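Below is the file structure.cif, which contains mmCIF, C-alpha atoms.
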data_final
loop_
_atom_site.label_atom_id
_atom_site.label_comp_id
_atom_site.auth_asym_id
_atom_site.auth_seq_id
_atom_site.Cartn_x
_atom_site.Cartn_y
_atom_site.Cartn_z
CA MET A 1121 0.00 0.00 0.00
CA ARG A 1122 2.87 2.33 0.80
CA LYS A 1123 4.39 1.60 -2.61
CA MET A 1124 1.14 2.58 -4.28
CA ARG A 1125 1.28 6.00 -2.61
CA PHE A 1126 4.93 6.52 -3.47
CA ALA A 1127 4.51 6.64 -7.26
CA PRO A 1128 1.74 9.31 -7.35
CA SER A 1129 3.71 11.41 -4.86
CA LEU A 1130 6.73 11.35 -7.13
CA LEU A 1131 4.59 12.29 -10.11
CA ILE A 1132 3.08 15.21 -8.21
CA LEU A 1133 6.56 16.37 -7.17
CA LEU A 1134 7.78 16.14 -10.76
CA LEU A 1135 4.84 18.09 -12.14
CA GLY A 1136 5.01 20.58 -9.28
CA LEU A 1137 8.63 21.33 -9.98
CA THR A 1138 7.78 21.72 -13.65
CA GLY A 1139 5.29 24.40 -12.71
CA LEU A 1140 7.92 26.16 -10.66
CA ALA A 1141 10.56 25.78 -13.33
CA PRO A 1142 10.01 29.04 -15.20
CA GLY A 1143 10.48 30.92 -11.94
CA ALA A 1144 10.62 34.65 -11.73
CA ALA A 1145 12.66 36.26 -14.45
CA ASP A 1146 13.78 39.16 -12.29
CA GLY A 1147 16.94 40.09 -14.16
CA THR A 1148 19.26 39.50 -11.21
CA TRP A 1149 21.40 37.35 -13.51
CA LEU A 1150 22.76 40.57 -15.00
CA TYR A 1151 24.70 41.20 -11.79
CA SER A 1152 26.40 37.79 -12.09
CA VAL A 1153 28.00 38.45 -15.48
CA PRO A 1154 31.79 38.80 -15.15
CA THR A 1155 33.22 42.03 -16.59
CA HIS A 1156 35.18 40.31 -19.36
CA GLU A 1157 31.99 38.53 -20.50
CA HIS A 1158 29.96 41.75 -20.27
CA ASP A 1159 32.45 43.48 -22.58
CA LYS A 1160 32.70 40.69 -25.16
CA ALA A 1161 32.05 41.85 -28.71
CA ASN A 1162 29.78 39.93 -31.06
CA PRO A 1163 31.92 38.58 -33.93
CA PHE A 1164 28.82 38.67 -36.13
CA ALA A 1165 27.97 42.32 -35.41
CA GLY A 1166 26.58 44.16 -38.42
CA ARG A 1167 26.06 41.01 -40.49
CA PRO A 1168 22.42 40.68 -41.61
CA GLU A 1169 22.86 36.99 -42.48
CA ALA A 1170 23.70 36.34 -38.81
CA VAL A 1171 20.34 37.88 -37.83
CA ALA A 1172 18.55 35.60 -40.30
CA ALA A 1173 20.44 32.54 -39.02
CA GLY A 1174 19.78 33.60 -35.42
CA ARG A 1175 16.09 33.86 -36.18
CA ARG A 1176 16.06 30.29 -37.47
CA ILE A 1177 17.77 29.04 -34.32
CA PHE A 1178 15.44 31.12 -32.14
CA GLU A 1179 12.34 29.65 -33.79
CA ASP A 1180 13.75 26.15 -33.33
CA ARG A 1181 14.97 26.44 -29.77
CA CYS A 1182 13.57 29.46 -27.98
CA ALA A 1183 10.14 30.21 -29.42
CA GLY A 1184 8.56 27.28 -27.53
CA CYS A 1185 9.03 29.22 -24.27
CA HIS A 1186 9.47 32.86 -25.25
CA GLY A 1187 6.91 32.95 -28.08
CA LYS A 1188 7.39 33.03 -31.82
CA ASN A 1189 7.86 36.80 -31.78
CA ALA A 1190 9.74 36.86 -28.46
CA GLU A 1191 6.64 38.30 -26.80
CA GLY A 1192 7.04 36.03 -23.74
CA HIS A 1193 4.56 33.57 -22.33
CA LYS A 1194 3.32 33.41 -18.73
CA LYS A 1195 6.49 33.48 -16.57
CA ARG A 1196 8.82 33.20 -19.54
CA PRO A 1197 9.95 36.79 -20.11
CA PRO A 1198 9.52 38.80 -23.31
CA LEU A 1199 12.80 39.46 -25.10
CA LYS A 1200 11.85 42.82 -26.55
CA SER A 1201 11.98 44.23 -23.05
CA GLU A 1202 14.11 47.17 -21.93
CA ARG A 1203 16.24 44.75 -19.91
CA VAL A 1204 17.22 42.67 -22.93
CA GLN A 1205 17.37 45.46 -25.47
CA LEU A 1206 18.95 48.29 -23.46
CA GLN A 1207 20.38 47.10 -20.15
CA ALA A 1208 22.06 43.89 -21.33
CA THR A 1209 25.05 44.03 -23.64
CA GLU A 1210 25.55 41.41 -26.34
CA GLY A 1211 28.20 39.90 -24.08
CA ASP A 1212 25.66 39.64 -21.25
CA LEU A 1213 23.19 37.79 -23.47
CA HIS A 1214 25.92 35.47 -24.74
CA TRP A 1215 26.87 34.69 -21.13
CA LEU A 1216 23.24 33.97 -20.22
CA LEU A 1217 22.76 31.63 -23.17
CA VAL A 1218 25.94 29.70 -22.33
CA ASN A 1219 25.28 29.42 -18.58
CA GLY A 1220 21.52 29.59 -18.41
CA ASN A 1221 19.80 30.60 -15.21
CA LEU A 1222 19.11 27.05 -14.11
CA TRP A 1223 17.50 27.79 -10.78
CA LYS A 1224 15.00 30.11 -12.50
CA GLY A 1225 14.19 27.73 -15.37
CA MET A 1226 16.40 29.08 -18.14
CA PRO A 1227 18.46 26.17 -19.53
CA SER A 1228 22.08 26.35 -20.57
CA TRP A 1229 22.51 26.40 -24.35
CA SER A 1230 26.16 25.42 -24.24
CA LYS A 1231 25.21 22.52 -26.49
CA LEU A 1232 25.04 25.06 -29.32
CA PRO A 1233 28.38 25.96 -30.88
CA ASP A 1234 29.58 29.43 -29.92
CA PRO A 1235 28.96 30.98 -33.38
CA GLN A 1236 25.30 29.91 -33.20
CA ILE A 1237 24.93 31.50 -29.77
CA TRP A 1238 26.28 34.77 -31.16
CA GLN A 1239 23.85 34.47 -34.09
CA VAL A 1240 20.96 34.21 -31.62
CA VAL A 1241 22.31 37.28 -29.81
CA SER A 1242 22.40 39.14 -33.16
CA TYR A 1243 18.76 38.23 -33.73
CA LEU A 1244 17.67 39.21 -30.22
CA LYS A 1245 19.34 42.59 -30.48
CA SER A 1246 17.71 43.15 -33.89
CA LEU A 1247 14.27 43.02 -32.25
CA LYS A 1248 14.56 46.56 -30.89
CA GLN A 1249 14.54 48.05 -34.40
CA MET B 198 -11.45 7.87 -22.70
CA ARG B 199 -12.05 8.90 -26.29
CA PHE B 200 -11.52 12.53 -25.26
CA GLY B 201 -8.14 11.71 -23.72
CA LYS B 202 -7.00 9.92 -26.85
CA LEU B 203 -8.15 12.84 -28.98
CA ILE B 204 -6.18 15.32 -26.85
CA THR B 205 -3.07 13.18 -27.02
CA LEU B 206 -3.35 12.76 -30.76
CA THR B 207 -3.92 16.48 -31.28
CA VAL B 208 -0.92 17.35 -29.16
CA MET B 209 1.25 14.92 -31.06
CA LEU B 210 0.17 16.43 -34.35
CA THR B 211 0.33 20.09 -33.44
CA ALA B 212 2.93 20.40 -30.74
CA THR B 213 5.93 22.52 -31.52
CA CYS B 214 8.76 20.24 -32.32
CA ALA B 215 12.29 21.34 -31.76
CA SER B 216 15.39 20.23 -33.54
CA ALA B 217 16.86 18.05 -30.87
CA GLN B 218 20.51 18.30 -32.00
CA GLU B 219 21.37 15.67 -29.45
CA ARG B 220 24.89 14.37 -29.23
CA PRO B 221 25.33 11.32 -31.44
CA TYR B 222 26.14 9.03 -28.51
CA PHE B 223 24.40 5.75 -27.79
CA VAL B 224 25.96 4.80 -24.45
CA THR B 225 27.75 7.91 -23.22
CA TYR B 226 25.79 10.70 -21.55
CA SER B 227 26.82 14.31 -22.02
CA HIS B 228 26.24 16.87 -19.27
CA GLU B 229 23.53 18.54 -21.34
CA MET B 230 20.05 18.28 -19.86
CA GLU B 231 16.63 18.17 -21.51
CA GLU B 232 15.06 21.62 -21.69
CA PRO B 233 12.50 22.12 -18.90
CA GLY B 234 8.99 21.16 -19.97
CA SER B 235 10.17 19.34 -23.11
CA LEU B 236 9.62 15.67 -23.81
CA GLU B 237 11.91 13.71 -26.05
CA THR B 238 10.87 10.30 -27.24
CA GLU B 239 13.59 8.12 -28.63
CA PHE B 240 13.85 4.68 -30.18
CA LEU B 241 17.27 3.09 -29.83
CA SER B 242 18.21 -0.23 -31.30
CA VAL B 243 21.27 -2.43 -31.48
CA THR B 244 22.00 -5.57 -33.39
CA GLY B 245 24.90 -7.99 -33.14
CA ALA B 246 25.78 -11.65 -33.37
CA PRO B 247 27.91 -13.51 -30.84
CA PRO B 248 30.41 -15.95 -32.39
CA GLY B 249 28.55 -19.22 -33.01
CA GLY B 250 25.34 -17.78 -31.54
CA ASN B 251 22.12 -16.26 -32.75
CA ARG B 252 21.85 -12.69 -33.99
CA PHE B 253 19.88 -10.47 -31.63
CA PHE B 254 18.06 -7.20 -31.97
CA GLY B 255 17.75 -5.09 -28.80
CA ALA B 256 15.42 -2.11 -28.64
CA THR B 257 14.68 0.64 -26.16
CA VAL B 258 11.90 3.20 -26.17
CA GLU B 259 12.87 6.19 -24.11
CA PHE B 260 10.81 9.08 -22.73
CA GLU B 261 13.02 11.90 -21.52
CA TYR B 262 11.44 14.82 -19.71
CA GLY B 263 13.04 18.04 -18.54
CA ALA B 264 11.58 18.43 -15.05
CA THR B 265 13.65 21.55 -14.39
CA ALA B 266 16.70 23.10 -16.03
CA TRP B 267 18.88 21.05 -13.62
CA TRP B 268 16.88 17.81 -13.41
CA THR B 269 16.04 15.42 -16.23
CA SER B 270 13.99 12.27 -15.71
CA GLU B 271 13.79 9.36 -18.16
CA LEU B 272 11.77 6.18 -18.47
CA TYR B 273 13.02 3.35 -20.67
CA LEU B 274 11.11 0.31 -21.88
CA ASP B 275 13.38 -2.45 -23.17
CA GLY B 276 12.81 -5.45 -25.37
CA GLN B 277 14.78 -7.81 -27.55
CA SER B 278 14.40 -10.36 -30.27
CA THR B 279 16.80 -13.25 -30.83
CA GLN B 280 16.96 -15.20 -34.07
CA ASN B 281 15.77 -18.82 -33.74
CA ASP B 282 14.49 -18.00 -30.26
CA SER B 283 11.86 -15.45 -29.22
CA THR B 284 10.88 -11.81 -28.92
CA ILE B 285 10.36 -10.56 -25.37
CA PHE B 286 9.81 -7.49 -23.27
CA THR B 287 12.83 -7.36 -20.97
CA GLY B 288 11.90 -4.68 -18.45
CA PHE B 289 12.10 -1.00 -17.59
CA ARG B 290 14.54 1.57 -16.27
CA TRP B 291 13.90 4.85 -14.55
CA GLU B 292 16.73 7.29 -14.40
CA ASN B 293 17.25 10.78 -13.04
CA ARG B 294 20.07 13.17 -13.82
CA PHE B 295 20.94 16.13 -11.64
CA ARG B 296 23.23 18.97 -12.46
CA PRO B 297 24.75 20.20 -9.17
CA LEU B 298 26.58 23.28 -10.50
CA MET B 299 24.40 26.09 -11.74
CA ARG B 300 27.01 27.57 -14.11
CA GLU B 301 28.94 26.26 -17.08
CA HIS B 302 32.55 25.32 -16.27
CA TRP B 303 35.40 23.84 -18.31
CA ILE B 304 34.30 20.46 -16.95
CA ASN B 305 30.69 19.96 -15.85
CA PRO B 306 29.56 17.17 -13.54
CA VAL B 307 26.12 15.56 -13.62
CA LEU B 308 24.95 12.95 -11.09
CA TYR B 309 22.96 10.03 -12.45
CA VAL B 310 20.80 7.59 -10.50
CA GLU B 311 18.92 4.73 -12.15
CA PHE B 312 16.78 1.84 -11.04
CA GLU B 313 16.24 -0.96 -13.48
CA ASP B 314 14.19 -4.11 -13.40
CA THR B 315 15.18 -6.24 -16.36
CA SER B 316 15.93 -9.79 -17.38
CA ALA B 317 17.49 -11.18 -20.58
CA ASP B 318 18.24 -7.61 -21.59
CA LYS B 319 20.18 -7.13 -24.83
CA ALA B 320 19.76 -3.39 -25.32
CA LEU B 321 23.38 -2.90 -24.21
CA ARG B 322 22.72 0.57 -22.79
CA GLU B 323 25.95 0.21 -20.84
CA ILE B 324 28.66 -2.38 -20.32
CA VAL B 325 29.74 -3.07 -16.74
CA GLY B 326 31.62 -5.71 -14.78
CA HIS B 327 32.36 -8.80 -16.84
CA ASP B 328 29.56 -8.33 -19.39
CA GLY B 329 30.63 -10.05 -22.59
CA VAL B 330 30.13 -12.83 -25.11
CA PRO B 331 29.18 -15.52 -22.51
CA ASP B 332 26.06 -13.48 -21.60
CA PHE B 333 24.64 -14.23 -25.05
CA ALA B 334 25.03 -18.02 -24.79
CA ASP B 335 21.77 -18.66 -22.89
CA SER B 336 18.38 -18.91 -24.55
CA ASN B 337 15.84 -16.23 -23.71
CA ALA B 338 13.92 -18.69 -21.51
CA GLU B 339 17.03 -19.39 -19.45
CA ALA B 340 18.17 -15.79 -19.34
CA ARG B 341 14.75 -14.66 -18.06
CA GLN B 342 15.28 -16.66 -14.88
CA ASP B 343 18.00 -14.18 -13.93
CA LYS B 344 16.15 -11.10 -12.63
CA GLU B 345 18.25 -7.97 -12.56
CA ARG B 346 16.93 -5.41 -10.13
CA GLU B 347 19.79 -2.97 -10.17
CA LEU B 348 20.81 0.39 -8.89
CA GLU B 349 23.11 2.23 -11.21
CA LEU B 350 25.11 5.35 -10.40
CA LYS B 351 27.07 7.41 -12.88
CA LEU B 352 29.31 10.39 -12.66
CA ILE B 353 28.91 12.21 -15.94
CA LEU B 354 31.56 14.74 -16.88
CA GLY B 355 31.21 16.94 -19.93
CA SER B 356 33.07 19.78 -21.59
CA ASN B 357 32.29 21.96 -24.59
CA PHE B 358 35.02 23.92 -26.34
CA HIS B 359 35.47 25.19 -29.90
CA GLY B 360 32.38 23.27 -30.99
CA TRP B 361 33.65 19.98 -29.59
CA ASN B 362 31.89 18.07 -26.87
CA VAL B 363 33.92 15.63 -24.79
CA SER B 364 32.02 13.44 -22.33
CA GLU B 365 33.20 10.87 -19.82
CA ASN B 366 31.03 8.55 -17.71
CA ILE B 367 32.16 6.54 -14.72
CA ILE B 368 29.64 3.80 -13.96
CA ALA B 369 28.94 1.79 -10.80
CA GLU B 370 26.11 -0.75 -10.81
CA LYS B 371 24.78 -2.98 -8.04
CA ASN B 372 22.41 -5.87 -8.43
CA LEU B 373 20.23 -5.53 -5.34
CA SER B 374 20.16 -9.30 -4.82
CA ASN B 375 23.45 -9.41 -2.95
CA GLU B 376 25.87 -9.23 -5.86
CA PRO B 377 29.02 -7.11 -5.88
CA TRP B 378 29.31 -3.61 -7.31
CA GLU B 379 30.29 -3.68 -10.98
CA PHE B 380 32.10 -0.92 -12.79
CA GLY B 381 32.31 0.47 -16.30
CA TYR B 382 33.19 3.51 -18.33
CA ALA B 383 32.10 5.35 -21.46
CA VAL B 384 33.85 8.19 -23.27
CA ALA B 385 32.90 10.07 -26.40
CA ALA B 386 33.68 13.17 -28.40
CA SER B 387 31.73 14.85 -31.18
CA ARG B 388 31.42 18.03 -33.19
CA PRO B 389 28.88 19.47 -35.63
CA LEU B 390 30.18 19.54 -39.21
CA ALA B 391 29.64 23.33 -39.25
CA LEU B 392 29.63 25.62 -36.24
CA ALA B 393 27.65 28.58 -37.61
CA ALA B 394 24.07 28.17 -38.79
CA SER B 395 23.13 29.06 -42.34
CA ALA B 396 20.74 31.94 -42.91
CA ARG B 397 18.33 29.93 -45.04
CA ASP B 398 16.24 26.90 -44.14
CA CYS B 399 18.06 23.79 -45.19
CA THR B 400 17.68 20.06 -44.78
CA PHE B 401 21.14 18.67 -45.37
CA CYS B 402 23.35 21.62 -44.42
CA PRO B 403 26.51 20.70 -42.45
CA GLU B 404 25.32 22.17 -39.12
CA ARG B 405 22.57 19.53 -39.02
CA PHE B 406 25.14 16.73 -38.87
CA GLN B 407 27.28 15.76 -35.90
CA ALA B 408 30.09 13.27 -36.10
CA GLY B 409 32.14 11.75 -33.36
CA ILE B 410 33.66 8.70 -31.78
CA GLU B 411 32.52 6.63 -28.81
CA MET B 412 34.21 4.00 -26.65
CA TYR B 413 32.88 2.05 -23.67
CA GLY B 414 33.48 -1.10 -21.69
CA GLY B 415 33.55 -2.91 -18.38
CA LEU B 416 36.01 -2.55 -15.55
CA GLY B 417 35.29 -5.69 -13.56
CA ASP B 418 33.70 -5.74 -10.15
CA ARG B 419 34.53 -5.12 -6.53
CA TYR B 420 36.46 -8.38 -6.21
CA SER B 421 38.16 -8.37 -9.61
CA PHE B 422 38.59 -4.79 -10.68
CA GLY B 423 40.40 -4.26 -13.98
CA ILE B 424 40.07 -5.15 -17.64
CA HIS B 425 40.60 -8.92 -17.36
CA ASP B 426 37.57 -10.72 -18.87
CA THR B 427 35.82 -7.50 -19.80
CA SER B 428 34.44 -6.32 -23.13
CA HIS B 429 35.18 -3.01 -24.86
CA TYR B 430 33.75 -1.34 -27.94
CA LEU B 431 34.87 1.53 -30.15
CA GLY B 432 33.23 3.12 -33.15
CA PRO B 433 32.45 6.24 -35.13
CA THR B 434 29.04 7.79 -34.69
CA LEU B 435 26.95 10.20 -36.73
CA ASN B 436 23.60 11.91 -36.43
CA TRP B 437 21.40 14.16 -38.51
CA ALA B 438 18.85 16.58 -37.11
CA ALA B 439 16.04 16.85 -39.65
CA PRO B 440 14.12 20.15 -39.82
CA ASN B 441 10.89 18.62 -38.44
CA GLY B 442 12.31 17.75 -35.02
CA ILE B 443 13.48 14.26 -35.84
CA THR B 444 17.05 13.19 -35.20
CA ILE B 445 18.46 10.04 -36.75
CA SER B 446 21.67 8.47 -35.43
CA PHE B 447 23.85 5.60 -36.55
CA SER B 448 27.00 3.96 -35.27
CA PRO B 449 28.89 0.81 -36.21
CA GLN B 450 30.90 -0.32 -33.21
CA PHE B 451 33.69 -2.84 -33.03
CA GLY B 452 34.64 -5.19 -30.22
CA LEU B 453 38.23 -4.62 -29.11
CA ASN B 454 38.96 -8.09 -27.71
CA ASP B 455 37.75 -11.69 -27.88
CA TYR B 456 35.48 -11.16 -24.89
CA SER B 457 33.49 -8.55 -26.89
CA LEU B 458 31.01 -9.15 -29.68
CA PRO B 459 32.83 -8.62 -32.98
CA ARG B 460 30.49 -5.91 -34.28
CA LEU B 461 27.46 -3.96 -33.10
CA TYR B 462 25.28 -1.74 -35.25
CA ARG B 463 23.30 0.91 -33.45
CA PHE B 464 20.46 3.00 -34.83
CA GLY B 465 18.53 5.77 -33.10
CA PHE B 466 15.46 7.83 -33.93
CA SER B 467 14.30 10.65 -31.69
CA TYR B 468 11.58 13.28 -31.70
CA GLU B 469 11.34 16.18 -29.32
CA ILE B 470 8.14 17.96 -28.31
CA SER B 471 8.83 21.35 -26.85
CA GLN B 472 6.76 22.44 -23.85
CA ILE B 473 4.50 19.39 -23.83
CA PHE B 474 2.32 20.49 -20.88
CA SER B 475 1.79 23.99 -22.27
CA HIS B 476 0.36 22.34 -25.36
CA LEU B 477 -1.83 20.05 -23.28
CA HIS B 478 -3.15 23.04 -21.30
CA ARG B 479 -3.74 25.00 -24.50
CA GLN B 480 -5.47 22.06 -26.18
CA SER B 481 -7.76 21.39 -23.23
CA GLY B 482 -8.53 25.13 -22.97
CA GLU B 483 -9.55 25.25 -26.61
CA THR B 484 -11.72 22.16 -26.16
CA LYS B 485 -13.56 23.84 -23.28
#

For the file at hand, write its structure as structure tokens.
Amino acid sequence: MRKMRFAPSLLILLLGLTGLAPGAADGTWLYSVPTHEHDKANPFAGRPEAVAAGRRIFEDRCAGCHGKNAEGHKKRPPLKSERVQLQATEGDLHWLLVNGNLWKGMPSWSKLPDPQIWQVVSYLKSLKQ
Amino acid sequence: MRFGKLITLTVMLTATCASAQERPYFVTYSHEMEEPGSLETEFLSVTGAPPGGNRFFGATVEFEYGATAWWTSELYLDGQSTQNDSTIFTGFRWENRFRPLMREHWINPVLYVEFEDTSADKALREIVGHDGVPDFADSNAEARQDKERELELKLILGSNFHGWNVSENIIAEKNLSNEPWEFGYAVAASRPLALAASARDCTFCPERFQAGIEMYGGLGDRYSFGIHDTSHYLGPTLNWAAPNGITISFSPQFGLNDYSLPRLYRFGFSYEISQIFSHLHRQSGETK
């Protein structure tokens, strides 16, 4: 009988944590970015083809959470926000994509090669125009 | 009941799929976790023939769910078919992977805990202890008498640099019916054929392919640690991430000593559904 209760409890815990996963996107991650990462320059800066490639990657990987037009969804933050477009440098966004913000639900995208991460950053920064 | 099936079918047909771009490894785990809320279903198969024995075909269906960004949970259902013998369901495994460090480092640890309840398993999801050719000598009926209720622990180490991924797994497995701890290892490295993505949609562009090499084997047990009477395999591995969310993987692997099967051929097929529960919520909302 105890075993029977154990399985549903685990399922509830799993689903509960999933609900918590998105967490609060409060922007505190910006304070964690080391200076040398903050100042990193985008090697694809000013290259429109990088924006197009970044858009493709975004639609594949990011749109499921952040929305097809980066408008955000529930607790997943919009990416056209002042924080992303004005406060964060391209280096900051690159750092966030590599490291994620695991405790708040943002996964690490270190599985993507570095050039693809910079292409996503190019696309994200193009959204302010 | 019919409503539930309809919802499931609708979700399967309309859910956003994501290009999985998984590493092309069959045995080795990388430190990369499933994205939170995403469900990856995978079919993994292996075929081989022991010297003088019957060819077998092992298969695993895997459901991998990203519970959080630092916790991935997976359920495996295993089966096998042996020529001139029978086709059987061999059991299940439930594994959980936890990422203890919240940042990316030059080497990233992941802790892995698995419980499995199998018998006559030929999926070869890992090689530990003295696993080798003699394990394939018994018929399925005989092999099923040997129940394997096992706890498996792994330390997964992974690094990404310059587009390369290098992963190492250290494996310890204990049959809960008073058998000694058995040990094994798996190492692999891979790289996409192109690091930057192309600007246009493409099906066979180089960034959709990953190639690498994988090696794994047993390290004996608590009382006979080492490589004596252990099997080891090495082979190239390749995968292709199709634009519709499907990833197809293939690897021919070669036994490195007489205790190993001469050749194994592995094939994998995976499909990832991004944000599965969001889609379920949305679907049920629309139905209401």

Report task. Output as a PyMOL selection string the set of chain B residues within 8 Å of chain A, with distances taken over all atoms listed in the file. Result -> chain B and resi 213-216+229+232-234+264-267+299-301+357+359-360+392-398+471-472

Requested in this report: Might you pull out every residue within 9 Å of Phe1178 in chain A, with all atoms listed in the file counted and same-chain residues fewer than 6 positions away left off, and present them as a ChimeraX atom specification?
Outcome: /A:1188,1190,1240,1243-1244

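Checking B:Gly442, B:Gly381, B:Pro449, B:Gly465 one by one against Ser428 in chain B, counting all atoms listed in the file, you find the shortest gap at B:Gly381.
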
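Across the model, the gap from CA of Glu271 in chain B to CA of Leu1217 in chain A is 24.5 Å.
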
Query raised in the report: Got a sec: who's within 8 Å of Leu236 in chain B, counting all atoms listed in the file, leaving out chain neighbours fewer than 6 positions off, as number ranges by chain?
Result: B: 260-263, 469-473

Requested in this report: Find the residue from A:Lys1160, A:His1214, A:Lys1195, A:Arg1203 that sits nearest to Val1241 in chain A; use all atoms listed in the file when measuring.
Outcome: A:His1214

Report task. Would you kindly return, as a PyMOL selection string, each protein, DNA or RNA residue with an atom no farther than 10 Å from any atom of Cys402 in chain B, considering only C-alpha atoms and excluding same-chain residues fewer than 2 positions away? Result -> chain B and resi 390-391+394-395+397-400+404-406+437-439

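Coordinates place CA of Phe312 in chain B at a distance of 25.9 Å from CA of Tyr462 in chain B.
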
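With distances taken over all atoms listed in the file, B:Ile445 is the one residue among B:Ile445, B:Gly329, B:Asp418, B:Pro459 lying closest to Phe240 in chain B.
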
Report task. Extract, using only C-alpha atoms, all DNA, RNA and protein residues at most 6 Å from Pro433 in chain B, discarding same-chain residues fewer than 5 positions from it, and format them as a count of residues only. Result -> 3

Report summary line: One residue among B:Ser446, B:Ser457, B:Ser467, B:Ser270 is nearest to Asp328 in chain B when using only C-alpha atoms, and that residue is B:Ser457

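From CA of Asn372 in chain B back to CA of Asp332 in chain B, the distance works out to 15.6 Å.
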
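Considering the residues A:Pro1163, A:His1158, A:His1186, A:Lys1245 and counting only C-alpha atoms, Val1204 in chain A has its shortest atom-to-atom contact with A:Lys1245.
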
List the spatial neighbours of Leu1206 in chain A as a short mmCIF file (atom, residue, chain, number, x, y, z; two decimals) with C-alpha atoms, in the frame of the given file - criterion: any atom at most 12 Å away, all atoms listed in the file, same-chain residues fewer than 5 positions off excluded.
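Listed below is the output, selection-v5.cif:
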data_model
loop_
_atom_site.label_atom_id
_atom_site.label_comp_id
_atom_site.auth_asym_id
_atom_site.auth_seq_id
_atom_site.Cartn_x
_atom_site.Cartn_y
_atom_site.Cartn_z
CA LEU A 1199 12.80 39.46 -25.10
CA LYS A 1200 11.85 42.82 -26.55
CA SER A 1201 11.98 44.23 -23.05
CA ASP A 1212 25.66 39.64 -21.25
CA LEU A 1213 23.19 37.79 -23.47
CA LEU A 1244 17.67 39.21 -30.22
CA LYS A 1245 19.34 42.59 -30.48
CA SER A 1246 17.71 43.15 -33.89
CA LEU A 1247 14.27 43.02 -32.25
CA LYS A 1248 14.56 46.56 -30.89
CA GLN A 1249 14.54 48.05 -34.40
#
